[in-house]
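Peer 1: My structure is stored as coords07.txt, with compact mmCIF, C-alpha atoms.
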# COMPACT_ATOMS: atom_id res chain seq x y z
CA MET A 1 89.79 43.00 58.39
CA ASN A 2 87.93 39.73 59.01
CA LYS A 3 88.73 38.61 55.46
CA LYS A 4 92.43 39.28 56.00
CA ILE A 5 92.42 37.24 59.22
CA GLY A 6 90.46 34.51 57.45
CA ASN A 7 93.07 34.40 54.69
CA ILE A 8 95.79 33.78 57.28
CA PHE A 9 93.95 31.22 59.41
CA LYS A 10 92.60 29.07 56.60
CA GLY A 11 91.36 25.52 56.89
CA ASP A 12 89.17 23.75 59.43
CA LYS A 13 88.07 26.25 62.10
CA VAL A 14 87.53 23.56 64.74
CA ILE A 15 91.14 22.36 64.32
CA TRP A 16 92.28 25.95 64.74
CA MET A 17 90.24 26.29 67.96
CA VAL A 18 91.66 23.04 69.38
CA PHE A 19 95.16 24.20 68.42
CA PHE A 20 94.58 27.59 70.09
CA PHE A 21 93.30 26.10 73.35
CA LEU A 22 96.16 23.58 73.55
CA CYS A 23 98.70 26.37 73.02
CA MET A 24 97.07 28.56 75.68
CA ILE A 25 97.02 25.68 78.17
CA SER A 26 100.65 25.04 77.31
CA ILE A 27 101.76 28.60 78.03
CA VAL A 28 99.93 28.73 81.38
CA GLU A 29 100.97 25.28 82.60
CA VAL A 30 104.58 25.42 81.38
CA PHE A 31 104.95 28.79 83.09
CA SER A 32 103.68 27.24 86.30
CA ALA A 33 105.65 23.98 85.96
CA SER A 34 108.95 25.70 85.16
CA SER A 35 109.48 26.96 88.71
CA GLY A 36 112.52 24.69 89.07
CA LEU A 37 114.13 26.15 85.95
CA THR A 38 113.46 29.74 87.04
CA TYR A 39 114.90 29.06 90.49
CA LYS A 40 118.10 27.52 89.11
CA SER A 41 118.66 30.25 86.53
CA GLN A 42 117.31 33.10 88.70
CA ASN A 43 115.57 34.25 85.53
CA TYR A 44 111.82 34.29 86.06
CA VAL A 45 110.91 35.39 82.56
CA GLY A 46 113.47 33.55 80.42
CA PRO A 47 112.01 29.98 80.39
CA ILE A 48 108.42 31.02 79.63
CA ALA A 49 109.57 33.68 77.15
CA TYR A 50 111.52 31.01 75.29
CA HIS A 51 108.52 28.65 75.33
CA ALA A 52 106.13 31.37 74.16
CA PHE A 53 108.54 32.24 71.34
CA THR A 54 108.73 28.53 70.39
CA ILE A 55 104.92 28.32 70.21
CA LEU A 56 104.78 31.53 68.17
CA ALA A 57 107.38 30.08 65.79
CA GLY A 58 105.28 26.91 65.64
CA VAL A 59 102.17 28.90 64.68
CA VAL A 60 104.14 30.54 61.86
CA VAL A 61 105.30 27.08 60.71
CA ALA A 62 101.68 25.84 60.82
CA ILE A 63 100.50 28.80 58.70
CA ILE A 64 103.29 28.23 56.17
CA THR A 65 102.56 24.49 56.01
CA LEU A 66 98.79 24.91 55.54
CA ASN A 67 99.47 27.06 52.48
CA ILE A 68 101.37 24.21 50.80
CA PRO A 69 99.05 22.23 48.49
CA CYS A 70 98.88 18.52 49.40
CA ARG A 71 100.40 17.39 46.11
CA TYR A 72 103.68 19.09 47.04
CA PHE A 73 103.97 16.99 50.20
CA LYS A 74 104.59 14.01 47.91
CA LEU A 75 107.55 15.80 46.32
CA MET A 76 109.05 16.43 49.76
CA THR A 77 108.98 12.76 50.79
CA PRO A 78 112.30 11.62 49.19
CA PHE A 79 114.18 14.54 50.74
CA LEU A 80 112.59 13.98 54.16
CA MET A 81 113.40 10.26 53.95
CA LEU A 82 117.05 11.04 53.19
CA ILE A 83 117.23 13.55 56.07
CA SER A 84 115.58 11.06 58.44
CA VAL A 85 117.99 8.22 57.59
CA VAL A 86 121.09 10.42 57.83
CA THR A 87 120.07 12.05 61.13
CA LEU A 88 118.93 8.78 62.74
CA LEU A 89 122.31 7.18 61.90
CA TRP A 90 124.06 10.33 63.06
CA VAL A 91 122.32 10.31 66.45
CA LEU A 92 123.25 6.65 66.99
CA LEU A 93 126.91 7.23 66.19
CA ALA A 94 127.50 10.70 67.63
CA GLY A 95 124.30 11.90 69.28
CA THR A 96 124.22 14.22 72.27
CA LYS A 97 123.36 12.20 75.38
CA VAL A 98 121.13 13.23 78.25
CA GLY A 99 121.30 10.55 80.94
CA ASP A 100 121.73 7.23 79.16
CA ALA A 101 119.77 8.20 76.04
CA GLY A 102 121.41 9.76 72.98
CA ARG A 103 118.39 11.17 71.16
CA TRP A 104 119.58 14.65 70.24
CA ILE A 105 121.76 16.24 67.57
CA ASN A 106 123.49 19.54 68.21
CA LEU A 107 123.85 21.48 64.96
CA PHE A 108 124.98 25.13 64.81
CA GLY A 109 123.85 25.65 68.39
CA PHE A 110 120.40 24.14 67.82
CA THR A 111 119.45 20.82 69.40
CA PHE A 112 116.78 18.62 67.84
CA GLN A 113 115.53 15.03 67.92
CA PRO A 114 115.70 13.25 64.54
CA SER A 115 112.93 10.87 65.64
CA GLU A 116 110.46 13.78 65.54
CA ILE A 117 111.21 14.33 61.85
CA ALA A 118 111.25 10.60 61.11
CA LYS A 119 107.77 10.01 62.60
CA GLY A 120 106.03 12.43 60.25
CA THR A 121 108.12 11.27 57.30
CA ILE A 122 107.09 7.63 57.79
CA VAL A 123 103.41 8.63 58.05
CA LEU A 124 103.79 10.67 54.86
CA ALA A 125 105.41 7.76 53.00
CA VAL A 126 102.84 5.22 54.23
CA ALA A 127 99.98 7.53 53.17
CA GLN A 128 101.44 7.64 49.66
CA ILE A 129 101.85 3.85 49.44
CA LEU A 130 98.31 3.18 50.66
CA ALA A 131 96.88 5.78 48.28
CA ALA A 132 98.84 4.56 45.25
CA MET A 133 97.98 0.90 45.82
CA GLN A 134 94.26 1.17 46.57
CA ARG A 135 92.08 -1.18 44.56
CA GLU A 136 88.31 -1.70 44.44
CA ASN A 137 88.37 -4.20 47.31
CA GLY A 138 91.01 -2.43 49.40
CA ALA A 139 94.77 -2.11 49.35
CA ASP A 140 96.88 -4.31 47.09
CA LYS A 141 98.70 -7.11 48.94
CA LYS A 142 102.03 -5.65 47.82
CA ALA A 143 101.34 -2.46 49.78
CA PHE A 144 101.95 -4.37 53.01
CA LYS A 145 105.44 -5.39 51.88
CA TRP A 146 106.42 -1.87 50.78
CA ILE A 147 105.21 -0.37 54.05
CA LEU A 148 107.24 -2.85 56.10
CA TRP A 149 110.38 -2.09 54.05
CA ILE A 150 110.05 1.52 55.21
CA LEU A 151 108.62 1.04 58.70
CA LEU A 152 110.81 -1.69 60.21
CA PRO A 153 114.25 -0.10 59.60
CA ALA A 154 112.92 3.20 60.96
CA CYS A 155 111.53 1.52 64.09
CA VAL A 156 114.85 -0.28 64.69
CA LEU A 157 116.89 2.93 64.32
CA ILE A 158 114.53 4.89 66.57
CA GLY A 159 113.96 2.06 69.05
CA LEU A 160 117.64 1.65 69.97
CA GLU A 161 117.50 5.02 71.74
CA ASN A 162 113.77 5.65 72.13
CA LEU A 163 111.75 2.45 72.39
CA SER A 164 108.45 4.13 73.26
CA THR A 165 108.59 6.35 70.16
CA ALA A 166 109.26 3.32 67.95
CA ALA A 167 106.33 1.45 69.52
CA MET A 168 104.07 4.46 69.06
CA LEU A 169 105.07 4.87 65.40
CA PHE A 170 104.42 1.19 64.76
CA ALA A 171 100.96 1.47 66.35
CA VAL A 172 100.12 4.50 64.18
CA VAL A 173 101.18 2.78 60.95
CA PHE A 174 99.34 -0.41 61.94
CA LEU A 175 96.13 1.60 62.38
CA MET A 176 96.75 3.37 59.06
CA MET A 177 97.03 -0.01 57.34
CA PHE A 178 93.79 -1.10 59.02
CA ILE A 179 92.04 2.08 57.83
CA GLY A 180 93.63 1.64 54.40
CA LEU A 181 92.02 -1.82 54.08
CA VAL A 182 95.25 -3.80 54.01
CA PRO A 183 94.18 -7.52 54.01
CA MET A 184 93.31 -8.63 57.54
CA ARG A 185 95.27 -11.86 57.10
CA GLN A 186 98.47 -9.87 56.61
CA LEU A 187 97.74 -7.64 59.61
CA ALA A 188 96.99 -10.69 61.79
CA LYS A 189 100.29 -12.34 60.79
CA LEU A 190 102.14 -9.11 61.53
CA ALA A 191 100.50 -8.84 64.95
CA ILE A 192 101.54 -12.41 65.83
CA VAL A 193 105.13 -11.81 64.70
CA ILE A 194 105.35 -8.54 66.65
CA VAL A 195 104.02 -10.19 69.81
CA ALA A 196 106.62 -12.96 69.43
CA LEU A 197 109.42 -10.44 68.84
CA ALA A 198 108.23 -8.38 71.82
CA VAL A 199 108.46 -11.47 74.04
CA VAL A 200 112.00 -12.17 72.78
CA ALA A 201 113.05 -8.52 73.21
CA LEU A 202 111.55 -8.40 76.70
CA SER A 203 113.40 -11.56 77.62
CA MET A 204 116.68 -10.07 76.35
CA VAL A 205 116.08 -6.88 78.32
CA MET A 206 115.43 -8.85 81.50
CA LEU A 207 118.56 -10.97 80.92
CA VAL A 208 120.99 -8.26 79.80
CA GLY A 209 119.79 -5.38 81.97
CA HIS A 210 119.89 -4.97 85.70
CA GLU A 211 117.59 -2.92 87.88
CA ILE A 212 119.20 0.45 88.64
CA SER A 213 119.58 1.07 92.35
CA ASP A 214 118.86 4.38 94.03
CA GLU A 215 122.58 4.86 94.74
CA GLU A 216 123.39 4.51 91.03
CA LYS A 217 120.70 7.04 90.19
CA GLN A 218 122.30 9.57 92.48
CA LEU A 219 125.64 9.43 90.66
CA THR A 220 126.53 12.82 89.26
CA LYS A 221 127.54 13.23 85.65
CA THR A 222 131.13 13.85 86.80
CA GLU A 223 131.21 10.62 88.75
CA GLN A 224 129.81 8.73 85.79
CA LEU A 225 132.48 10.16 83.53
CA ASP A 226 135.20 9.28 86.03
CA GLN A 227 134.22 5.64 86.01
CA PRO A 228 136.45 3.47 83.75
CA LYS A 229 134.83 2.70 80.43
CA GLN A 230 134.28 -0.97 79.81
CA LYS A 231 134.17 -2.51 76.38
CA LYS A 232 130.74 -3.78 75.44
CA ASN A 233 129.92 -6.69 73.21
CA PHE A 234 127.40 -6.50 70.36
CA VAL A 235 124.42 -7.53 72.47
CA GLU A 236 125.26 -4.97 75.16
CA LYS A 237 125.59 -2.24 72.54
CA MET A 238 122.22 -3.16 71.07
CA PHE A 239 120.64 -3.18 74.54
CA HIS A 240 122.65 -0.37 76.13
CA ARG A 241 119.41 1.07 77.57
CA ALA A 242 118.32 -2.31 78.95
CA ASP A 243 119.00 -1.16 82.52
CA THR A 244 116.55 1.72 82.16
CA TRP A 245 113.92 -0.40 80.40
CA LYS A 246 114.18 -3.18 82.97
CA SER A 247 113.93 -0.74 85.88
CA ARG A 248 110.79 0.82 84.44
CA ILE A 249 109.16 -2.56 83.75
CA MET A 250 110.00 -3.91 87.19
CA LYS A 251 108.72 -0.83 88.97
CA PHE A 252 105.49 -0.80 86.99
CA GLY A 253 104.92 -4.50 87.64
CA LYS A 254 105.50 -4.34 91.40
CA ALA A 255 102.55 -4.20 93.76
CA LYS A 256 101.78 -0.63 94.77
CA PRO A 257 102.61 0.09 98.43
CA THR A 258 100.13 1.75 100.75
CA PRO A 259 100.51 5.53 101.30
CA GLN A 260 102.01 4.86 104.74
CA GLU A 261 104.64 2.52 103.27
CA TYR A 262 105.54 4.71 100.28
CA ASP A 263 109.11 6.01 100.25
CA LEU A 264 109.23 9.36 98.44
CA ASP A 265 112.99 9.01 97.97
CA LYS A 266 112.37 6.06 95.67
CA ASP A 267 110.81 6.68 92.26
CA ALA A 268 110.05 10.28 93.20
CA GLN A 269 108.59 11.27 89.83
CA VAL A 270 105.75 8.76 89.95
CA ALA A 271 105.18 9.42 93.66
CA HIS A 272 104.83 13.19 93.28
CA ALA A 273 102.71 12.80 90.14
CA ASN A 274 100.32 10.66 92.19
CA ILE A 275 100.27 13.26 94.97
CA ALA A 276 99.52 16.00 92.43
CA ILE A 277 96.57 14.03 91.04
CA VAL A 278 94.98 12.94 94.33
CA SER A 279 95.23 16.46 95.79
CA SER A 280 93.53 18.12 92.82
CA GLY A 281 89.81 17.72 93.46
CA ILE A 282 87.16 18.57 90.87
CA ILE A 283 88.30 22.07 89.93
CA GLY A 284 91.92 21.89 91.08
CA LYS A 285 94.05 24.33 93.05
CA GLY A 286 94.00 26.94 90.30
CA PRO A 287 96.54 27.97 87.64
CA GLY A 288 99.97 28.58 89.13
CA GLN A 289 99.07 27.03 92.48
CA SER A 290 100.77 23.65 92.06
CA THR A 291 102.98 22.45 94.89
CA GLU A 292 104.29 19.24 93.32
CA ARG A 293 105.91 21.12 90.42
CA ASP A 294 108.81 21.85 92.79
CA PHE A 295 109.45 18.13 93.29
CA LEU A 296 108.84 16.76 89.76
CA SER A 297 112.02 17.02 87.71
CA GLN A 298 110.07 16.76 84.43
CA ALA A 299 106.99 18.72 85.55
CA PHE A 300 107.08 20.86 82.39
CA SER A 301 107.56 17.92 80.01
CA ASP A 302 106.87 14.23 80.66
CA PHE A 303 104.62 14.80 83.70
CA ILE A 304 102.92 18.06 82.74
CA TYR A 305 99.54 16.29 82.63
CA ALA A 306 99.86 15.63 86.37
CA ILE A 307 100.40 19.39 86.90
CA VAL A 308 97.39 20.13 84.66
CA ILE A 309 95.25 17.86 86.85
CA GLU A 310 96.60 19.38 90.08
CA GLU A 311 95.89 22.94 88.97
CA LEU A 312 92.77 22.48 86.80
CA GLY A 313 91.30 19.46 88.55
CA ILE A 314 89.46 16.48 87.13
CA ALA A 315 87.41 18.90 85.00
CA GLY A 316 90.59 20.26 83.41
CA ALA A 317 91.94 16.75 82.85
CA PHE A 318 88.82 15.76 80.94
CA ALA A 319 88.86 19.05 79.03
CA VAL A 320 92.37 18.33 77.75
CA MET A 321 91.37 14.76 76.84
CA PHE A 322 88.30 16.15 75.04
CA LEU A 323 90.45 18.49 72.94
CA TYR A 324 92.52 15.56 71.63
CA ILE A 325 89.36 13.52 70.96
CA VAL A 326 87.91 16.44 68.98
CA LEU A 327 91.18 16.73 67.05
CA LEU A 328 91.02 13.07 66.01
CA TYR A 329 87.31 13.32 65.19
CA ARG A 330 87.86 16.36 62.96
CA CYS A 331 90.72 14.57 61.19
CA ALA A 332 88.33 11.70 60.45
CA ARG A 333 85.69 14.12 59.16
CA ILE A 334 88.27 15.87 56.97
CA ALA A 335 89.49 12.51 55.62
CA SER A 336 85.93 11.46 54.76
CA ARG A 337 85.48 14.60 52.63
CA CYS A 338 88.73 14.23 50.69
CA GLU A 339 88.43 13.59 46.97
CA ASN A 340 91.72 11.67 46.78
CA ASN A 341 93.09 8.92 49.02
CA PHE A 342 96.50 10.44 49.77
CA PRO A 343 95.31 13.53 51.71
CA ALA A 344 92.76 11.40 53.56
CA PHE A 345 95.40 8.92 54.76
CA LEU A 346 97.79 11.76 55.58
CA ALA A 347 95.24 13.60 57.76
CA MET A 348 94.31 10.41 59.62
CA GLY A 349 97.95 9.36 60.07
CA LEU A 350 99.03 12.71 61.51
CA GLY A 351 95.93 12.88 63.71
CA LEU A 352 96.65 9.41 65.08
CA LEU A 353 100.29 10.34 65.64
CA LEU A 354 99.37 13.31 67.84
CA VAL A 355 96.52 11.63 69.73
CA ILE A 356 98.31 8.32 70.42
CA GLN A 357 101.33 10.20 71.76
CA ALA A 358 99.02 12.25 73.97
CA THR A 359 97.41 9.02 75.20
CA PHE A 360 100.85 7.57 76.04
CA ASN A 361 101.74 10.67 78.06
CA MET A 362 98.43 10.84 79.95
CA MET A 363 98.52 7.12 80.80
CA VAL A 364 102.02 7.50 82.25
CA ALA A 365 100.99 10.54 84.31
CA VAL A 366 98.05 8.70 85.92
CA GLY A 367 100.01 5.46 86.46
CA LEU A 368 98.39 3.31 83.76
CA ALA A 369 101.66 2.75 81.86
CA PRO A 370 105.39 2.63 82.71
CA VAL A 371 107.37 5.85 82.32
CA THR A 372 108.15 6.39 78.62
CA GLY A 373 109.51 9.92 78.31
CA GLN A 374 106.88 10.97 75.77
CA PRO A 375 105.90 14.68 75.98
CA LEU A 376 102.28 15.81 75.73
CA PRO A 377 101.91 17.15 72.15
CA LEU A 378 101.43 20.92 71.88
CA ILE A 379 101.38 21.30 75.70
CA SER A 380 104.73 20.07 77.06
CA LYS A 381 107.74 22.36 76.91
CA GLY A 382 109.90 21.56 73.91
CA GLY A 383 111.74 22.92 70.93
CA THR A 384 111.85 20.40 68.09
CA SER A 385 108.73 18.54 69.16
CA THR A 386 106.62 21.70 69.52
CA ILE A 387 107.54 23.13 66.13
CA ILE A 388 107.19 19.81 64.30
CA ASN A 389 103.84 19.10 65.95
CA CYS A 390 102.72 22.51 64.74
CA ALA A 391 103.85 21.50 61.24
CA TYR A 392 101.65 18.39 61.56
CA ILE A 393 98.70 20.63 62.44
CA GLY A 394 99.51 22.77 59.41
CA ALA A 395 99.53 19.70 57.15
CA ILE A 396 96.13 18.62 58.51
CA LEU A 397 94.79 22.13 57.87
CA SER A 398 96.19 21.99 54.34
CA VAL A 399 94.25 18.76 53.77
CA SER A 400 91.11 20.39 55.20
CA ARG A 401 91.45 23.21 52.66
CA SER A 402 91.43 20.77 49.75
CA ALA A 403 88.49 18.91 51.34
CA LYS A 404 86.54 22.18 51.56
CA MET A 405 87.26 22.87 47.90
CA LYS A 406 85.79 19.48 47.03
CA LYS A 407 82.67 20.23 49.09
CA ALA A 408 82.28 23.61 47.38
CA LYS A 409 82.56 21.98 43.94
CA GLU A 410 79.91 19.43 44.90
CA LYS A 411 77.54 22.22 45.92
CA GLU A 412 78.14 24.06 42.66
CA ALA A 413 77.46 20.86 40.71
CA LYS A 414 74.15 20.33 42.55
CA ILE A 415 73.07 23.92 41.85
CA ALA A 416 73.99 23.55 38.18
Please express the file's structure as structure tokens.
Peer 2:
Amino acid sequence: MNKKIGNIFKGDKVIWMVFFFLCMISIVEVFSASSGLTYKSQNYVGPIAYHAFTILAGVVVAIITLNIPCRYFKLMTPFLMLISVVTLLWVLLAGTKVGDAGRWINLFGFTFQPSEIAKGTIVLAVAQILAAMQRENGADKKAFKWILWILLPACVLIGLENLSTAAMLFAVVFLMMFIGLVPMRQLAKLAIVIVALAVVALSMVMLVGHEISDEEKQLTKTEQLDQPKQKKNFVEKMFHRADTWKSRIMKFGKAKPTPQEYDLDKDAQVAHANIAIVSSGIIGKGPGQSTERDFLSQAFSDFIYAIVIEELGIAGAFAVMFLYIVLLYRCARIASRCENNFPAFLAMGLGLLLVIQATFNMMVAVGLAPVTGQPLPLISKGGTSTIINCAYIGAILSVSRSAKMKKAKEKEAKIA
């Protein structure tokens, strides 16, 4: 019986344990944080049943993915690149909008975010380029050019609707190039150019956008649709989310008011996230005992870490952080044992992708970064993101299997 279970859950056992704990925390906290959804639908089982089914489907995807040998991931790259380009263009031209962001595609009744597929595809492609162009003293200078040809168009397509995801993807690839020993001179030049472009983009956002007032926020979807549509010029189309970006930057940059001066009607998400955190204590209020979940509109997604802190306390917050740190550490250990460069870069890239996104989410929840809309990987409620993140875990486990085979061969060689 144990052998049969071992044959299903192959790969690094520590990764499996981290994955299991994150999924269990997700089920408990999403169930607690979904009180608003259950109240609106009057269905107290539906939301958590759907989430549990999504996680179960994700586990199946992880098991299928870990059984795919690493060499076959290379064969999938051209097809994934084609799918990513087509869907990213599709979402820009005819994506389903929620608020002012059109990040979703509705296909045969299923809604998914193309950026989730594109992130993993770019990491996969970059891992292949770095592996193929490794020399004795590090990566070939031409590797930098090939990576940029793939990365920059993807970041532009993603960034028009989801700037934080584009920034996160760029950070992951930059770290992969650093790990892959791309010449430091090239990385330094890229960093300078990106800083300059960021200053220009920020200036454009501040010029084109205007800070959204509370009255405008309260407009219903019907009222927004009833408003006459105005033709936009090219710059306005490129920066159609400038209002949102500017509002978030301005709010983050403003001096924080005292508790007595704070107006809960303004910027309610951040306010109630702060209340959830400061009322938690060391051990929290206990699972299912959150009070702020009823006031946070994205309690089960963007701000679920605040609910985790409220219910599990500072101890629970550090426990979740520790799980992501262990995940990244195990990815590094797996990469160090790989016989070939490609699986090593792939494991590190996917590990960085998950952990950096988690860092973004946690920083937003505790007020160290402006609101970005990034979910907490493997914990936040989600469809596409949950299943694709599980696929990333499966790919890391697949790499760990090949690394274990290498270790076993080395032991056999020593004995011989």
Peer 1: Would you mind reading off the distance between atom CA of A:Pro69 and atom CA of A:Val399, one decimal, in Å?
Peer 2: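 Answer for the atom CA of A:Pro69 to atom CA of A:Val399 separation: 7.9 Å.
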Peer 1: To one decimal place in Å, what is the distance between atom CA of A:Asn274 and atom CA of A:Glu292?
Peer 2: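 The value is 9.5 Å.
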Peer 1: Taking (107.4, 25.7, 89.9) in the file's coordinates, which residues come within 12 Å, counting only C-alpha atoms, written as a ChimeraX atom specification?
Peer 2: /A:28-40,44,47-48,287-300,304,307,311
Peer 1: What's the 7 Å shell around A:Met81, counting only C-alpha atoms, without same-chain residues fewer than 4 positions away, as a list in words?
Peer 2: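 The filter keeps Thr77, Val85 and Thr121 of chain A.
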Peer 1: Near A:Asn137, within 10 Å and counting only C-alpha atoms, which residues show up once chain neighbours fewer than 5 positions away are dropped, as a PyMOL selection string?
Peer 2: chain A and resi 181-183
Peer 1: Given the choices A:Ile282, A:Ala365, A:Leu163, A:Ile334, which gets closest to A:Arg401 if the distance is worked out from only C-alpha atoms?
Peer 2: A:Ile334
Peer 1: Looking at all atoms listed in the file, which of A:Phe342, A:Trp16, A:Tyr392, A:Phe360 is the one that sits closest to A:Ile129?
Peer 2: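 Checking each of A:Phe342, A:Trp16, A:Tyr392, A:Phe360 against A:Ile129, counting all atoms listed in the file, the winner is A:Phe342.
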Peer 1: If you measure from atom CA of A:Gly286 to atom CA of A:Thr359, what distance in Å do you get, rounded to one decimal?
Peer 2: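 Answer for the atom CA of A:Gly286 to atom CA of A:Thr359 separation: 23.7 Å.
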Peer 1: Hey, what's within 10 Å of A:Trp146 if we count only C-alpha atoms and toss same-chain stuff fewer than 6 positions away? As a count of residues only, please?
Peer 2: 4
Peer 1: Would you mind telling me which residue in A:Leu66, A:Ile179, A:Ala344, A:Ala167 lies nearest to A:Gln357 when using only C-alpha atoms?
Peer 2: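 Checking each candidate against A:Gln357, we get A:Ala167 as the closest.
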Peer 1: Would you mind telling me which residue in A:Ile275, A:Ile25, A:Leu350, A:Cys331 lies nearest to A:Ile55 when using all atoms listed in the file?
Peer 2: A:Ile25
Peer 1: Mind checking which residues fall within 12 Å of A:Cys23, counting all atoms listed in the file, ignoring those fewer than 2 positions away in the same chain, and posting them as a PyMOL selection string?
Peer 2: chain A and resi 16-21+25-30+51-59+320+323+376-381+386-387+389-390
Peer 1: Determine the nearest neighbour of A:Leu160 from the options A:Met184, A:Val308, A:Leu89, A:Ala273, counting all atoms listed in the file.
Peer 2: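 Nearest to A:Leu160: A:Leu89.
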Peer 1: Between A:Val270, A:Leu22, A:Ile396, A:Cys338, which one has atoms that come closest to A:Leu368, using all atoms listed in the file?
Peer 2: A:Val270
Peer 1: Excluding same-chain residues fewer than 4 positions from A:Ser164, what lies within 9 Å of it counting all atoms listed in the file, as JSON, numbers by chain?
Peer 2: {"A": [159, 168, 169, 360, 372, 373, 374]}
Peer 1: Please write the residues from the selection above to a file, keeping C-alpha atoms, as a short mmCIF file (atom, residue, chain, number, x, y, z; two decimals), keeping the file's coordinate frame.
Peer 2:
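Result saved to result-v2.cif:
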data_model
loop_
_atom_site.label_atom_id
_atom_site.label_comp_id
_atom_site.auth_asym_id
_atom_site.auth_seq_id
_atom_site.Cartn_x
_atom_site.Cartn_y
_atom_site.Cartn_z
CA GLY A 159 113.96 2.06 69.05
CA MET A 168 104.07 4.46 69.06
CA LEU A 169 105.07 4.87 65.40
CA PHE A 360 100.85 7.57 76.04
CA THR A 372 108.15 6.39 78.62
CA GLY A 373 109.51 9.92 78.31
CA GLN A 374 106.88 10.97 75.77
#
Peer 1: Would you kindly identify which residues have an atom no farther than 12 Å from (87.9, 10.8, 54.1), using only C-alpha atoms and the file's own coordinates, and write them out as a VMD selection string?
Peer 2: chain A and resid 131 179 to 180 329 to 349 399 to 400 402 to 404 406 to 407
